[in-house]
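Engineer: File name input.txt; file contents compact mmCIF, C-alpha atoms; full text below.
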```txt
# COMPACT_ATOMS: atom_id res chain seq x y z
CA MET A 1 -6.33 -37.47 -16.81
CA SER A 2 -4.74 -35.59 -19.69
CA ILE A 3 -5.08 -31.84 -20.05
CA PRO A 4 -7.37 -30.91 -22.97
CA PRO A 5 -5.99 -28.87 -25.87
CA ILE A 6 -5.15 -25.33 -24.83
CA PRO A 7 -4.06 -22.54 -27.16
CA PRO A 8 -0.72 -20.92 -26.38
CA ILE A 9 -1.06 -17.91 -24.12
CA PRO A 10 1.54 -15.16 -24.21
CA SER A 11 2.57 -14.56 -20.65
CA THR A 12 5.14 -12.07 -19.53
CA PRO A 13 6.84 -12.83 -16.25
CA PRO A 14 6.93 -9.98 -13.76
CA ILE A 15 9.87 -7.64 -13.58
CA PRO A 16 11.19 -7.60 -9.99
CA SER A 17 10.89 -4.31 -8.21
CA THR A 18 13.78 -2.71 -6.35
CA PRO A 19 13.70 -0.56 -3.25
CA GLN A 20 14.78 3.02 -3.57
CA ALA A 21 15.56 5.57 -0.93
CA THR A 22 12.47 7.17 0.64
CA THR A 23 14.17 10.56 0.41
CA PRO A 24 16.33 11.52 -2.58
CA VAL A 25 19.86 12.07 -1.38
CA ALA A 26 22.73 13.09 -3.60
CA SER A 27 25.56 10.63 -3.70
CA ALA A 28 28.66 10.06 -5.77
CA PRO A 29 28.62 7.17 -8.24
CA SER A 30 30.84 4.26 -7.38
CA VAL A 31 32.14 3.98 -10.95
CA PRO A 32 33.08 6.55 -13.62
CA ASP A 33 30.17 7.93 -15.61
CA GLY A 34 31.28 6.23 -18.81
CA ASP A 35 31.47 2.85 -17.12
CA ALA A 36 28.04 3.42 -15.55
CA ARG A 37 26.51 3.89 -19.00
CA ARG A 38 28.26 0.76 -20.25
CA ILE A 39 26.98 -1.23 -17.26
CA LEU A 40 23.47 0.03 -18.03
CA ALA A 41 23.83 -1.11 -21.64
CA LEU A 42 25.26 -4.47 -20.59
CA THR A 43 22.61 -5.30 -18.00
CA SER A 44 19.82 -4.05 -20.27
CA LEU A 45 21.06 -6.37 -23.00
CA GLY A 46 20.90 -9.32 -20.63
CA VAL A 47 17.32 -8.48 -19.65
CA PHE A 48 16.41 -7.92 -23.32
CA ILE A 49 17.42 -11.47 -24.25
CA VAL A 50 15.52 -12.99 -21.32
CA PHE A 51 12.23 -11.23 -22.04
CA LEU A 52 12.57 -11.64 -25.79
CA ASP A 53 12.10 -15.37 -25.25
CA THR A 54 8.72 -14.86 -23.60
CA THR A 55 7.11 -13.94 -26.94
CA ILE A 56 9.48 -14.72 -29.81
CA VAL A 57 8.49 -18.40 -29.71
CA ASN A 58 4.78 -17.75 -30.20
CA VAL A 59 4.94 -17.41 -33.98
CA ALA A 60 7.03 -20.58 -34.28
CA PHE A 61 4.31 -22.92 -32.98
CA ASP A 62 3.06 -24.02 -36.39
CA THR A 63 6.50 -24.86 -37.75
CA ILE A 64 7.57 -26.61 -34.53
CA SER A 65 4.33 -28.59 -34.60
CA THR A 66 5.02 -29.68 -38.16
CA SER A 67 8.66 -30.49 -37.42
CA PHE A 68 7.83 -32.77 -34.48
CA ASP A 69 4.33 -33.84 -35.55
CA ALA A 70 3.06 -32.71 -32.13
CA GLY A 71 -0.37 -31.51 -31.07
CA ILE A 72 -1.14 -28.30 -29.23
CA THR A 73 -1.65 -30.13 -25.93
CA ARG A 74 2.06 -30.89 -25.71
CA LEU A 75 3.28 -27.95 -27.76
CA VAL A 76 1.87 -25.38 -25.34
CA TRP A 77 4.49 -26.47 -22.79
CA VAL A 78 7.22 -25.01 -25.01
CA LEU A 79 5.84 -21.65 -23.87
CA ASN A 80 4.57 -22.44 -20.38
CA ALA A 81 7.65 -24.38 -19.21
CA TYR A 82 9.67 -21.19 -19.65
CA THR A 83 7.12 -18.90 -18.00
CA LEU A 84 6.35 -21.08 -14.99
CA VAL A 85 9.97 -21.91 -14.19
CA PHE A 86 11.02 -18.28 -14.62
CA ALA A 87 8.35 -17.14 -12.15
CA ALA A 88 9.28 -19.88 -9.68
CA PHE A 89 13.02 -19.16 -9.58
CA LEU A 90 13.02 -15.36 -9.67
CA ILE A 91 13.10 -14.79 -5.88
CA PRO A 92 15.53 -17.63 -5.03
CA ALA A 93 17.86 -16.48 -7.82
CA GLY A 94 18.02 -13.00 -6.36
CA GLN A 95 18.91 -14.41 -2.96
CA LEU A 96 21.66 -16.55 -4.46
CA ALA A 97 23.11 -13.52 -6.24
CA ASP A 98 23.23 -11.64 -2.94
CA ALA A 99 24.91 -14.55 -1.19
CA TYR A 100 27.44 -15.68 -3.80
CA GLY A 101 28.07 -12.61 -5.93
CA ARG A 102 26.01 -10.68 -8.48
CA LYS A 103 28.65 -10.77 -11.21
CA ARG A 104 29.22 -14.49 -10.74
CA LEU A 105 25.50 -15.29 -10.96
CA PHE A 106 25.02 -12.92 -13.91
CA GLN A 107 27.80 -14.69 -15.80
CA ILE A 108 26.44 -18.13 -14.86
CA GLY A 109 23.00 -17.03 -16.03
CA LEU A 110 24.31 -15.83 -19.40
CA MET A 111 26.36 -18.95 -20.05
CA GLY A 112 23.53 -21.22 -18.93
CA PHE A 113 21.06 -19.34 -21.09
CA ALA A 114 23.38 -19.74 -24.08
CA VAL A 115 23.76 -23.49 -23.53
CA SER A 116 20.03 -24.08 -22.95
CA SER A 117 19.20 -21.97 -26.03
CA ALA A 118 21.57 -24.10 -28.09
CA LEU A 119 19.83 -27.23 -26.77
CA CYS A 120 16.48 -25.74 -27.79
CA GLY A 121 17.74 -24.97 -31.28
CA LEU A 122 19.29 -28.42 -31.72
CA ALA A 123 16.53 -30.39 -29.98
CA PRO A 124 15.83 -33.71 -31.75
CA GLY A 125 12.38 -34.02 -30.21
CA LEU A 126 9.67 -32.10 -28.39
CA GLY A 127 10.58 -33.54 -24.98
CA VAL A 128 14.14 -32.22 -25.22
CA LEU A 129 12.84 -28.85 -26.40
CA ILE A 130 10.46 -28.52 -23.43
CA ALA A 131 13.18 -29.54 -20.96
CA ALA A 132 15.61 -27.05 -22.50
CA ARG A 133 12.96 -24.32 -22.30
CA ALA A 134 12.57 -25.03 -18.58
CA ALA A 135 16.36 -24.69 -18.23
CA GLN A 136 16.15 -21.37 -20.06
CA GLY A 137 13.63 -20.25 -17.45
CA VAL A 138 16.03 -21.09 -14.63
CA PHE A 139 18.95 -19.18 -16.12
CA GLY A 140 16.74 -16.30 -17.23
CA ALA A 141 15.55 -15.96 -13.64
CA ILE A 142 19.19 -15.75 -12.56
CA ILE A 143 20.06 -13.03 -15.08
CA VAL A 144 17.27 -10.58 -14.21
CA PRO A 145 17.80 -9.91 -10.48
CA ALA A 146 21.58 -10.16 -10.79
CA SER A 147 21.59 -7.59 -13.60
CA LEU A 148 19.52 -5.14 -11.58
CA ALA A 149 21.72 -5.59 -8.51
CA LEU A 150 24.80 -4.87 -10.65
CA LEU A 151 23.17 -1.79 -12.15
CA LEU A 152 22.15 0.01 -8.95
CA PRO A 153 25.61 0.65 -7.42
CA ALA A 154 26.82 2.15 -10.70
CA PHE A 155 24.55 5.19 -10.35
CA PRO A 156 24.05 7.79 -7.61
CA LEU A 157 20.64 7.82 -5.94
CA GLU A 158 19.35 10.79 -7.92
CA ARG A 159 19.97 8.97 -11.23
CA ARG A 160 18.86 5.48 -10.28
CA ALA A 161 15.22 6.02 -11.22
CA THR A 162 16.24 6.86 -14.79
CA ALA A 163 18.61 3.91 -14.98
CA ILE A 164 15.98 1.49 -13.67
CA SER A 165 13.39 2.89 -16.10
CA THR A 166 15.76 2.30 -19.02
CA TRP A 167 16.54 -1.21 -17.79
CA GLY A 168 12.84 -2.03 -17.44
CA ALA A 169 11.99 -0.48 -20.79
CA MET A 170 14.32 -2.94 -22.51
CA ALA A 171 12.25 -5.80 -21.13
CA ALA A 172 9.08 -4.18 -22.47
CA VAL A 173 10.66 -3.56 -25.89
CA ALA A 174 11.88 -7.16 -26.08
CA THR A 175 8.41 -8.50 -25.27
CA ALA A 176 6.85 -6.26 -27.91
CA ILE A 177 9.21 -7.01 -30.81
CA GLY A 178 9.49 -10.75 -30.10
CA PRO A 179 6.71 -11.88 -32.45
CA THR A 180 7.95 -9.69 -35.32
CA LEU A 181 11.54 -10.84 -34.96
CA GLY A 182 10.41 -14.44 -34.66
CA ALA A 183 8.36 -14.14 -37.83
CA LEU A 184 11.34 -12.75 -39.75
CA LEU A 185 13.62 -15.56 -38.57
CA ILE A 186 11.08 -18.22 -39.55
CA GLU A 187 10.47 -16.58 -42.91
CA TYR A 188 14.14 -16.55 -43.92
CA THR A 189 15.64 -19.39 -41.85
CA THR A 190 14.01 -22.05 -39.64
CA TRP A 191 12.32 -22.05 -36.23
CA ARG A 192 15.59 -23.27 -34.69
CA TRP A 193 17.17 -19.85 -35.16
CA VAL A 194 14.57 -18.39 -32.82
CA PHE A 195 16.65 -20.06 -30.10
CA LEU A 196 20.10 -20.18 -31.69
CA LEU A 197 20.08 -16.39 -32.04
CA ASN A 198 20.53 -16.17 -28.25
CA VAL A 199 23.82 -18.06 -28.24
CA PRO A 200 26.23 -15.50 -29.74
CA VAL A 201 24.47 -12.61 -27.98
CA CYS A 202 24.77 -14.27 -24.56
CA LEU A 203 28.38 -15.28 -25.11
CA LEU A 204 29.41 -11.79 -26.24
CA THR A 205 27.55 -10.25 -23.31
CA ALA A 206 29.32 -12.63 -20.91
CA VAL A 207 32.75 -11.69 -22.32
CA TRP A 208 31.89 -7.99 -22.04
CA GLY A 209 30.66 -8.48 -18.48
CA ALA A 210 33.80 -10.34 -17.44
CA ARG A 211 35.87 -7.29 -18.39
CA LEU A 212 33.55 -4.53 -17.22
CA LEU A 213 31.82 -5.71 -14.06
CA THR A 214 33.20 -5.96 -10.53
CA GLU A 215 31.93 -8.42 -7.96
CA THR A 216 29.43 -7.28 -5.34
CA ARG A 217 27.39 -9.11 -2.72
CA GLY A 218 24.47 -8.37 -0.46
CA SER A 219 24.54 -7.97 3.28
CA ARG A 220 24.26 -11.71 3.88
CA ASP A 221 27.13 -13.44 5.62
CA GLY A 222 27.33 -16.14 2.96
CA GLY A 223 25.51 -19.41 2.65
CA LEU A 224 22.19 -20.34 1.17
CA PRO A 225 18.98 -18.64 2.31
CA ASP A 226 16.45 -20.73 4.22
CA PRO A 227 15.94 -23.85 2.02
CA LEU A 228 12.29 -24.33 2.99
CA GLY A 229 11.60 -20.65 2.36
CA VAL A 230 13.30 -20.87 -1.02
CA ALA A 231 11.13 -23.86 -1.91
CA MET A 232 7.97 -22.02 -0.89
CA SER A 233 8.98 -18.80 -2.69
CA ALA A 234 9.44 -20.89 -5.84
CA ALA A 235 6.28 -22.96 -5.46
CA ALA A 236 3.84 -20.14 -4.68
CA PRO A 237 4.28 -18.11 -7.92
CA ALA A 238 4.50 -21.28 -10.01
CA LEU A 239 1.23 -22.63 -8.61
CA LEU A 240 -0.55 -19.31 -9.00
CA SER A 241 0.78 -18.90 -12.55
CA PHE A 242 -0.45 -22.37 -13.45
CA ALA A 243 -3.93 -21.54 -12.17
CA VAL A 244 -4.05 -18.25 -14.07
CA ILE A 245 -2.86 -19.87 -17.31
CA TYR A 246 -5.24 -22.83 -17.24
CA GLY A 247 -8.23 -21.41 -15.37
CA PRO A 248 -9.92 -19.80 -18.40
CA HIS A 249 -9.64 -23.02 -20.43
CA LEU A 250 -10.15 -25.82 -17.94
CA GLY A 251 -12.69 -23.81 -15.98
CA TRP A 252 -12.15 -22.06 -12.67
CA ASP A 253 -14.03 -24.84 -10.88
CA ASP A 254 -11.76 -27.54 -12.30
CA PRO A 255 -10.16 -29.48 -9.40
CA ARG A 256 -6.65 -28.99 -10.82
CA VAL A 257 -7.09 -25.23 -11.10
CA LEU A 258 -8.68 -24.95 -7.65
CA ALA A 259 -6.00 -27.10 -6.03
CA THR A 260 -3.10 -25.13 -7.50
CA ALA A 261 -4.71 -21.75 -6.79
CA VAL A 262 -5.51 -22.63 -3.18
CA ALA A 263 -2.05 -24.11 -2.62
CA GLY A 264 -0.40 -21.00 -4.03
CA VAL A 265 -2.50 -18.65 -1.88
CA VAL A 266 -1.97 -20.71 1.29
CA LEU A 267 1.80 -20.77 0.80
CA ILE A 268 2.05 -16.96 0.85
CA PRO A 269 1.23 -16.40 4.55
CA VAL A 270 3.22 -19.51 5.44
CA LEU A 271 6.23 -18.05 3.60
CA ILE A 272 5.78 -14.71 5.37
CA ARG A 273 5.68 -16.38 8.77
CA ARG A 274 8.70 -18.50 7.91
CA SER A 275 10.61 -15.41 6.74
CA ARG A 276 10.04 -13.70 10.11
CA TYR A 277 11.94 -16.31 12.07
CA ALA A 278 14.48 -17.85 9.67
CA ALA A 279 18.13 -16.90 10.22
CA ARG A 280 18.54 -16.28 6.47
CA PRO A 281 14.99 -15.69 5.21
CA ALA A 282 14.19 -16.31 1.56
CA LEU A 283 12.08 -13.14 1.54
CA ASP A 284 13.43 -10.00 3.21
CA LEU A 285 10.30 -8.58 4.84
CA SER A 286 12.07 -5.39 5.90
CA LEU A 287 11.89 -4.21 2.27
CA PHE A 288 8.12 -3.90 2.54
CA ARG A 289 8.51 -1.13 5.12
CA ILE A 290 9.94 1.08 2.35
CA ARG A 291 7.14 3.14 0.82
CA ASN A 292 8.67 3.33 -2.65
CA PHE A 293 9.18 -0.45 -2.66
CA GLN A 294 5.50 -0.98 -1.80
CA ALA A 295 4.36 1.42 -4.52
CA SER A 296 6.63 -0.07 -7.21
CA ASN A 297 5.40 -3.60 -6.44
CA VAL A 298 1.77 -2.50 -6.70
CA ALA A 299 2.52 -0.77 -10.01
CA THR A 300 4.34 -3.82 -11.38
```
The structure given in the file should be rewritten as structure tokens.
Structural biologist:
Amino acid sequence: MSIPPIPPIPSTPPIPSTPQATTPVASAPSVPDGDARRILALTSLGVFIVFLDTTIVNVAFDTISTSFDAGITRLVWVLNAYTLVFAAFLIPAGQLADAYGRKRLFQIGLMGFAVSSALCGLAPGLGVLIAARAAQGVFGAIIVPASLALLLPAFPLERRATAISTWGAMAAVATAIGPTLGALLIEYTTWRWVFLLNVPVCLLTAVWGARLLTETRGSRDGGLPDPLGVAMSAAAPALLSFAVIYGPHLGWDDPRVLATAVAGVVLIPVLIRRSRYAARPALDLSLFRIRNFQASNVAT
């Protein structure tokens, strides 16, 4: 059964929250103050590009539709492929950054985002464009947690709240200006530059990061986190996001919506139980004992 026509729905993926100390304690920064500001600018730029692509594409739907002679039923996946994949890979990507290096994953994310953006801009057909958008979602999910993990050690505890607020504000600004910037690009160029614009920005950011950043890792002793837990942590948000996106249009009693919503909800306690006993859990439950972490997740 084919999915009936659905209008594109702007959807902003969540910004991952980060634990902070329960009691403010003064500490010396691990890098000089000037470098800390540059790291903040660098990581904020990476996040800006990722969240820009959640909304910049919206205004390009008409021209993309004309270019590929495609209906809204297929065209909507240009938006949703990015959003769903981003949500699915956000937690696993953070775990990989902890295990294999935050700088390494940040650089991989930037280069991958540049390549997938180029594929979007050069796509000969709608199928290639949708696949490239899904790839963008994967690499965008790698950039966000790695950038935050690189940012935190650069600032002492008493200044981290300000740094995180600035980092998060860049995501909000990118989401807000996306439609306006997209409209300007379409007015004076073509819809392909909505994606091609990312390429030089990502490459320049990667070069800057290679010179500025130092490698850090989490407390893990190497190796992948629990594969089954990773799969569940990816599937649960993707299923729930699908239900939220399509519920208002297919109807909340539609079997597809009900099935995905129930599956997503059921996976959450299963993931929690799995994370309690796995040697390298996909979800670190100890973080939820931190009051500030609980509050920031509720706020997000």
Engineer: Could you state the separation of atom CA of A:Val262 and atom CA of A:Ile91 in Å, given to one decimal place?
Structural biologist: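 Value for the atom CA of A:Val262-atom CA of A:Ile91 distance: 20.4 Å.
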Engineer: Please determine, counting all atoms listed in the file, which residue among A:Val138, A:Ala261, A:Leu228, A:Leu267 has the shortest atom-to-atom distance to A:Arg280.
Structural biologist: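 For A:Arg280, the nearest of the candidates is A:Leu228.
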Engineer: Could you jot down the atom CA of A:Arg274 to atom CA of A:Pro225 separation for me, Å, one decimal place?
Structural biologist: 11.7 Å
Engineer: Tell me, in Å to one decimal, how far atom CA of A:Ala146 is from atom CA of A:Ala97.
Structural biologist: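 Computed distance, atom CA of A:Ala146 to atom CA of A:Ala97, equals 5.9 Å.
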Engineer: Tell me which of A:Leu40, A:Leu203, A:Asp253, A:Ser233 sits closest to A:Val265, counting all atoms listed in the file.
Structural biologist: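 Result for the nearest residue to A:Val265: A:Ser233.
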Engineer: Using only C-alpha atoms, which residue out of A:Gly182, A:Gly46, A:Gly121, A:Gly264 lies closest to A:Val244?
Structural biologist: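 Checking each candidate against A:Val244, we get A:Gly264 as the closest.
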Engineer: Within 12 Å of A:Leu283, counting all atoms listed in the file, which residues show up once you throw out same-chain ones fewer than 5 positions away? Write them as a short mmCIF file (atom, residue, chain, number, x, y, z; two decimals) with C-alpha atoms, in the frame of the given file, please.
Structural biologist:
```
data_model
loop_
_atom_site.label_atom_id
_atom_site.label_comp_id
_atom_site.auth_asym_id
_atom_site.auth_seq_id
_atom_site.Cartn_x
_atom_site.Cartn_y
_atom_site.Cartn_z
CA LEU A 90 13.02 -15.36 -9.67
CA ILE A 91 13.10 -14.79 -5.88
CA PRO A 92 15.53 -17.63 -5.03
CA ALA A 93 17.86 -16.48 -7.82
CA GLY A 94 18.02 -13.00 -6.36
CA GLN A 95 18.91 -14.41 -2.96
CA LEU A 96 21.66 -16.55 -4.46
CA PRO A 225 18.98 -18.64 2.31
CA ASP A 226 16.45 -20.73 4.22
CA PRO A 227 15.94 -23.85 2.02
CA LEU A 228 12.29 -24.33 2.99
CA GLY A 229 11.60 -20.65 2.36
CA VAL A 230 13.30 -20.87 -1.02
CA ALA A 231 11.13 -23.86 -1.91
CA MET A 232 7.97 -22.02 -0.89
CA SER A 233 8.98 -18.80 -2.69
CA ALA A 234 9.44 -20.89 -5.84
CA ILE A 268 2.05 -16.96 0.85
CA PRO A 269 1.23 -16.40 4.55
CA VAL A 270 3.22 -19.51 5.44
CA LEU A 271 6.23 -18.05 3.60
CA ILE A 272 5.78 -14.71 5.37
CA ARG A 273 5.68 -16.38 8.77
CA ARG A 274 8.70 -18.50 7.91
CA SER A 275 10.61 -15.41 6.74
CA ARG A 276 10.04 -13.70 10.11
CA TYR A 277 11.94 -16.31 12.07
CA ALA A 278 14.48 -17.85 9.67
CA PHE A 288 8.12 -3.90 2.54
#
```
Engineer: From (11.0, -14.3, -21.3), in the file's coordinates, out to 12 Å: which residues are reached, counting all atoms listed in the file? Answer as an mmCIF file with C-alpha atoms, in the frame of the given file.
Structural biologist:
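Listing of point29.cif after writing:
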```
data_model
loop_
_atom_site.group_PDB
_atom_site.id
_atom_site.type_symbol
_atom_site.label_atom_id
_atom_site.label_comp_id
_atom_site.auth_asym_id
_atom_site.auth_seq_id
_atom_site.Cartn_x
_atom_site.Cartn_y
_atom_site.Cartn_z
ATOM 1 C CA PRO A 10 1.540 -15.160 -24.210
ATOM 2 C CA SER A 11 2.570 -14.560 -20.650
ATOM 3 C CA THR A 12 5.140 -12.070 -19.530
ATOM 4 C CA PRO A 13 6.840 -12.830 -16.250
ATOM 5 C CA PRO A 14 6.930 -9.980 -13.760
ATOM 6 C CA ILE A 15 9.870 -7.640 -13.580
ATOM 7 C CA GLY A 46 20.900 -9.320 -20.630
ATOM 8 C CA VAL A 47 17.320 -8.480 -19.650
ATOM 9 C CA PHE A 48 16.410 -7.920 -23.320
ATOM 10 C CA ILE A 49 17.420 -11.470 -24.250
ATOM 11 C CA VAL A 50 15.520 -12.990 -21.320
ATOM 12 C CA PHE A 51 12.230 -11.230 -22.040
ATOM 13 C CA LEU A 52 12.570 -11.640 -25.790
ATOM 14 C CA ASP A 53 12.100 -15.370 -25.250
ATOM 15 C CA THR A 54 8.720 -14.860 -23.600
ATOM 16 C CA THR A 55 7.110 -13.940 -26.940
ATOM 17 C CA ILE A 56 9.480 -14.720 -29.810
ATOM 18 C CA VAL A 57 8.490 -18.400 -29.710
ATOM 19 C CA ASN A 58 4.780 -17.750 -30.200
ATOM 20 C CA VAL A 78 7.220 -25.010 -25.010
ATOM 21 C CA LEU A 79 5.840 -21.650 -23.870
ATOM 22 C CA ASN A 80 4.570 -22.440 -20.380
ATOM 23 C CA ALA A 81 7.650 -24.380 -19.210
ATOM 24 C CA TYR A 82 9.670 -21.190 -19.650
ATOM 25 C CA THR A 83 7.120 -18.900 -18.000
ATOM 26 C CA LEU A 84 6.350 -21.080 -14.990
ATOM 27 C CA VAL A 85 9.970 -21.910 -14.190
ATOM 28 C CA PHE A 86 11.020 -18.280 -14.620
ATOM 29 C CA ALA A 87 8.350 -17.140 -12.150
ATOM 30 C CA LEU A 90 13.020 -15.360 -9.670
ATOM 31 C CA PHE A 113 21.060 -19.340 -21.090
ATOM 32 C CA ARG A 133 12.960 -24.320 -22.300
ATOM 33 C CA ALA A 134 12.570 -25.030 -18.580
ATOM 34 C CA GLN A 136 16.150 -21.370 -20.060
ATOM 35 C CA GLY A 137 13.630 -20.250 -17.450
ATOM 36 C CA VAL A 138 16.030 -21.090 -14.630
ATOM 37 C CA PHE A 139 18.950 -19.180 -16.120
ATOM 38 C CA GLY A 140 16.740 -16.300 -17.230
ATOM 39 C CA ALA A 141 15.550 -15.960 -13.640
ATOM 40 C CA ILE A 143 20.060 -13.030 -15.080
ATOM 41 C CA VAL A 144 17.270 -10.580 -14.210
ATOM 42 C CA MET A 170 14.320 -2.940 -22.510
ATOM 43 C CA ALA A 171 12.250 -5.800 -21.130
ATOM 44 C CA ALA A 172 9.080 -4.180 -22.470
ATOM 45 C CA VAL A 173 10.660 -3.560 -25.890
ATOM 46 C CA ALA A 174 11.880 -7.160 -26.080
ATOM 47 C CA THR A 175 8.410 -8.500 -25.270
ATOM 48 C CA ALA A 176 6.850 -6.260 -27.910
ATOM 49 C CA GLY A 178 9.490 -10.750 -30.100
ATOM 50 C CA PHE A 195 16.650 -20.060 -30.100
ATOM 51 C CA ASN A 198 20.530 -16.170 -28.250
#
```
Engineer: Name the residues, using the chain letters and numbers of the file, that sit within 10 Å of (7.3, -28.8, -33.1) when counting all atoms listed in the file, and give them as a list of chain:residue names.
Structural biologist: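 Nearby residues: A:Ala60, A:Phe61, A:Asp62, A:Thr63, A:Ile64, A:Ser65, A:Thr66, A:Ser67, A:Phe68, A:Asp69, A:Ala70, A:Gly71, A:Ile72, A:Arg74, A:Leu75, A:Val78, A:Ala123, A:Pro124, A:Gly125, A:Leu126, A:Gly127, A:Leu129, A:Trp191.
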Engineer: For A:Leu119, which residue among A:Leu258, A:Ile186, A:Ile245, A:Val199 is the nearest when counting only C-alpha atoms?
Structural biologist: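 The shortest atom-to-atom distance to A:Leu119 comes from A:Val199.
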Engineer: Can you work out which one of A:Ala99, A:Ala206, A:Ala161, A:Leu212 has the shortest atom-to-atom distance to A:Gly112, counting only C-alpha atoms?
Structural biologist: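 Counting only C-alpha atoms, the residue closest to A:Gly112 is A:Ala206.
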